[in-house]
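Colleague: Just passing along the structure, written as C-alpha cells.
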Amino acid sequence: MDICGEKIKIRGRVLRIARLDADMFQFLEQTADQIEAGLKDLGAKADIFTFNQRLPNTTPIYPYSMEWENFAALQISTFEEWWTKQIGFKARNKAKQAEKKGVVLCEVPFSDELVEGIWAIYNETPVRQGRRFPHFGKSLERVHVESATYPESSVFVGAYLEGKLIGFTRIVSDKTGTQAGLMNIVSLVSQRDKAPTNALVAAAVKACAERKVQFLTYSRFAYGKKQSDSLSDFKERNAFKRVDVPRYYIPLSPLGKFAMRYGLHHSLSERMPEAIASRLRELRKAWYKRKYTTAYDVS
C-alpha cells in the first residue's frame, strides 16, 4: 500500500501499526490535510499510523498526538571539520589503524559479488552485542532482495582486505538529500583488530560531505529507558549526538485509540522499568555466552 505516494508497511497481529517502509530514512512531506486524505484507505487495514519529522526541523508542525523520538545524528559541514575537530582522539586513531593494516575503503555498485560478501558477513556469527543477530541464517536470495531496496537512494561502501569484503555500510538518503542514515554497518568480528567499522564511519561521513548531505544518522542514540552502552559510546566517540524529533501517532480505529490511551502502542520492553530491563539483558547476554562460545561487542 501507499499513502501520499509513499510505500508503507503494517506490523502486528492484534494491534496493527503502519509506518513508512523506510521509516527513519524517508519522511512525509505533505500537509496534515493531505495525510488525512491518504489515510482513508488505510483505516480498514491498520489501527495506528506513525511517522516522524526529518532533520533539521525539531519543532512539531502537525496537529497529531506526538511523542519524542531520537536520532543519533551528526551534522556535517566538511569531512575535514569532522576529522580534525568533531571526533575523538580514539576514534580517529582507530580509523587510521584500518588503513595501516591494509584495509581499503571504496564505494561499490550493487552487484551479486557484493551481496555474496554481505551474506558471508551476516552469517559469521549468530550473536552480536550480546544479543541474537537478526541477519544470521538468512539465505543468499533473501539478502539479495533486502539489499536491493531503495536503489536510487542507496550508497554502498565496502571495507576490503586483500580483495575480500570484511565490512560494509549502506547509506540511504531521503528524497531531499538533506538527511541520510546508516541503514547497515557491519564488519567481520574476526577482523575487529583492524577496526573496519571505524573506517566505514569515516568513509560514510566523507561520502555524505561530498554529496552535501547535512545530517548523517546512525539509528537511535537511546532506546526506550536503556542507559548508555558500548554502541552509544561508539556513536558518541564518532561525534554523533542525540537529537530529539517529533514522532506522530494517528489512531485509525477504536482499538488504536484504546492502545494509545494506555500506552499499548509501545513494546513491552519500552514500557518495562529500566532496572528490570537491564537485568533481563544481562541474563540474555549470559545465556548467549553459554550457548555460543563468544559474545561480541562493538569495537
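Starting from 1 in every chain, residues are counted up; chains themselves are A, B, ... following the order of the C-alpha cells, and ligands are numbered from 1 as listed.
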Counting only C-alpha atoms, what is within 9 Å of Ile3 (chain A), bar same-chain residues fewer than 3 positions away, as number ranges by chain?
Modeller: A: 6-8, 20, 35, 37-39, 41-42
Colleague: Write the residues you've just listed into a file as a CSV table (one decimal), in the first residue's frame, and include N, CA and C atoms for each of them.
Modeller:
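Dumped everything to result.csv:
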chain,number,residue,atom,x,y,z
A,6,GLU,N,3.9,7.3,-0.7
A,6,GLU,CA,5.0,6.6,0.0
A,6,GLU,C,4.5,5.2,0.3
A,7,LYS,N,5.5,4.3,0.1
A,7,LYS,CA,5.2,2.9,0.5
A,7,LYS,C,5.1,2.7,2.0
A,8,ILE,N,4.2,1.9,2.5
A,8,ILE,CA,4.0,1.7,3.9
A,8,ILE,C,4.1,0.2,4.2
A,20,LEU,N,6.0,4.2,7.4
A,20,LEU,CA,6.7,4.2,6.1
A,20,LEU,C,7.6,2.9,6.0
A,35,ILE,N,-2.3,14.2,4.4
A,35,ILE,CA,-2.0,13.0,5.2
A,35,ILE,C,-3.4,12.3,5.5
A,37,ALA,N,-6.2,12.6,4.1
A,37,ALA,CA,-6.9,12.1,2.9
A,37,ALA,C,-6.3,10.8,2.5
A,38,GLY,N,-5.0,10.7,2.6
A,38,GLY,CA,-4.3,9.4,2.3
A,38,GLY,C,-4.6,8.3,3.2
A,39,LEU,N,-5.0,8.6,4.4
A,39,LEU,CA,-5.2,7.6,5.5
A,39,LEU,C,-6.6,6.9,5.3
A,41,ASP,N,-8.0,5.1,3.0
A,41,ASP,CA,-7.9,3.7,2.5
A,41,ASP,C,-7.1,2.8,3.5
A,42,LEU,N,-6.3,3.4,4.3
A,42,LEU,CA,-5.5,2.6,5.3
A,42,LEU,C,-6.3,2.2,6.5
Colleague: For Glu69 (chain A), work out the shell of residues within 7 Å, counting only C-alpha atoms and skipping chain neighbours fewer than 4 positions away, then give it as a VMD selection string.
Modeller: chain A and resid 244 to 247
Colleague: Measure the distance from CA of Leu105 (chain A) to CA of Lys241 (chain A) in Å and round it to one decimal.
Modeller: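 Rounded to one decimal, the two atoms are 24.8 Å apart.
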Colleague: Quick one, how far is CA of Lys194 (chain A) from CA of Ser153 (chain A)?
Modeller: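 Distance reported for this atom pair: 29.1 Å.
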Colleague: Extract, using only C-alpha atoms, all DNA, RNA and protein residues at most 12 Å from Phe258 (chain A), discarding same-chain residues fewer than 6 positions from it, and format them as a PyMOL selection string.
Modeller: chain A and resi 15+47-48+250-252+264-265
Colleague: Write the residues of the preceding selection, restricted to C-alpha atoms, as an mmCIF file, in the first residue's frame.
Modeller:
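Dumped to selection-v5.cif:
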data_model
loop_
_atom_site.group_PDB
_atom_site.id
_atom_site.type_symbol
_atom_site.label_atom_id
_atom_site.label_comp_id
_atom_site.auth_asym_id
_atom_site.auth_seq_id
_atom_site.Cartn_x
_atom_site.Cartn_y
_atom_site.Cartn_z
ATOM 1 C CA LEU A 15 -2.571 -4.109 17.238
ATOM 2 C CA ASP A 47 -5.095 0.644 13.850
ATOM 3 C CA ILE A 48 -2.400 3.318 14.120
ATOM 4 C CA ILE A 250 -2.683 8.829 14.368
ATOM 5 C CA PRO A 251 -5.334 6.349 15.610
ATOM 6 C CA LEU A 252 -7.321 4.789 12.766
ATOM 7 C CA LEU A 264 -0.020 -0.128 24.435
ATOM 8 C CA HIS A 265 1.386 1.127 21.130
#
Colleague: Extract, using only C-alpha atoms, all DNA, RNA and protein residues at most 7 Å from Pro196 (chain A), discarding same-chain residues fewer than 5 positions from it, and format them as a ChimeraX atom specification.
Modeller: /A:98,159,167,187
Colleague: For the residues in the current selection, export C-alpha atoms as a compact mmCIF listing (two decimals), in the first residue's frame.
Modeller:
# COMPACT_ATOMS: atom_id res chain seq x y z
CA ALA A 98 42.43 0.22 9.43
CA ALA A 159 35.98 -2.36 3.50
CA GLY A 167 32.81 -4.91 6.33
CA SER A 187 32.06 -5.95 9.86
Colleague: For each of A:Phe133, A:Trp119, A:Phe234, A:Phe25, take the minimum atom-to-atom distance to Gly88 (chain A), counting only C-alpha atoms, then give the residue where this is smallest.
Modeller: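 When distances to Gly88 (chain A) are compared using only C-alpha atoms, the smallest one comes from A:Phe234.
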Colleague: Using only C-alpha atoms, which protein or nucleic acid residues come within 12 Å of Arg13 (chain A)? Drop anything in the same chain fewer than 4 positions from it, and give the result as a list of chain:residue names.
Modeller: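 So, after excluding close chain neighbours, the residues are A:Ile17, A:Ala18, A:Lys45, A:Ala46, A:Asp47.
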Colleague: Filtering to C-alpha atoms, could you give me those residues as a PDB file, in the first residue's frame?
Modeller:
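And here is the file that came out, out09.pdb:
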ATOM      1  CA  ILE A  17       0.754  -0.300  13.355  1.00  0.00           C
ATOM      2  CA  ALA A  18       1.537   1.222   9.964  1.00  0.00           C
ATOM      3  CA  LYS A  45      -6.079  -2.365   7.470  1.00  0.00           C
ATOM      4  CA  ALA A  46      -4.272  -0.689  10.383  1.00  0.00           C
ATOM      5  CA  ASP A  47      -5.095   0.644  13.850  1.00  0.00           C
TER       6      ASP A  47
END
Colleague: Using only C-alpha atoms, which of the listed residues (A:Glu141, A:Glu210, A:Glu80, A:Asp193) sits closest to Asp112 (chain A)?
Modeller: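 Of the candidates, the smallest distance to Asp112 (chain A) is held by A:Glu141.
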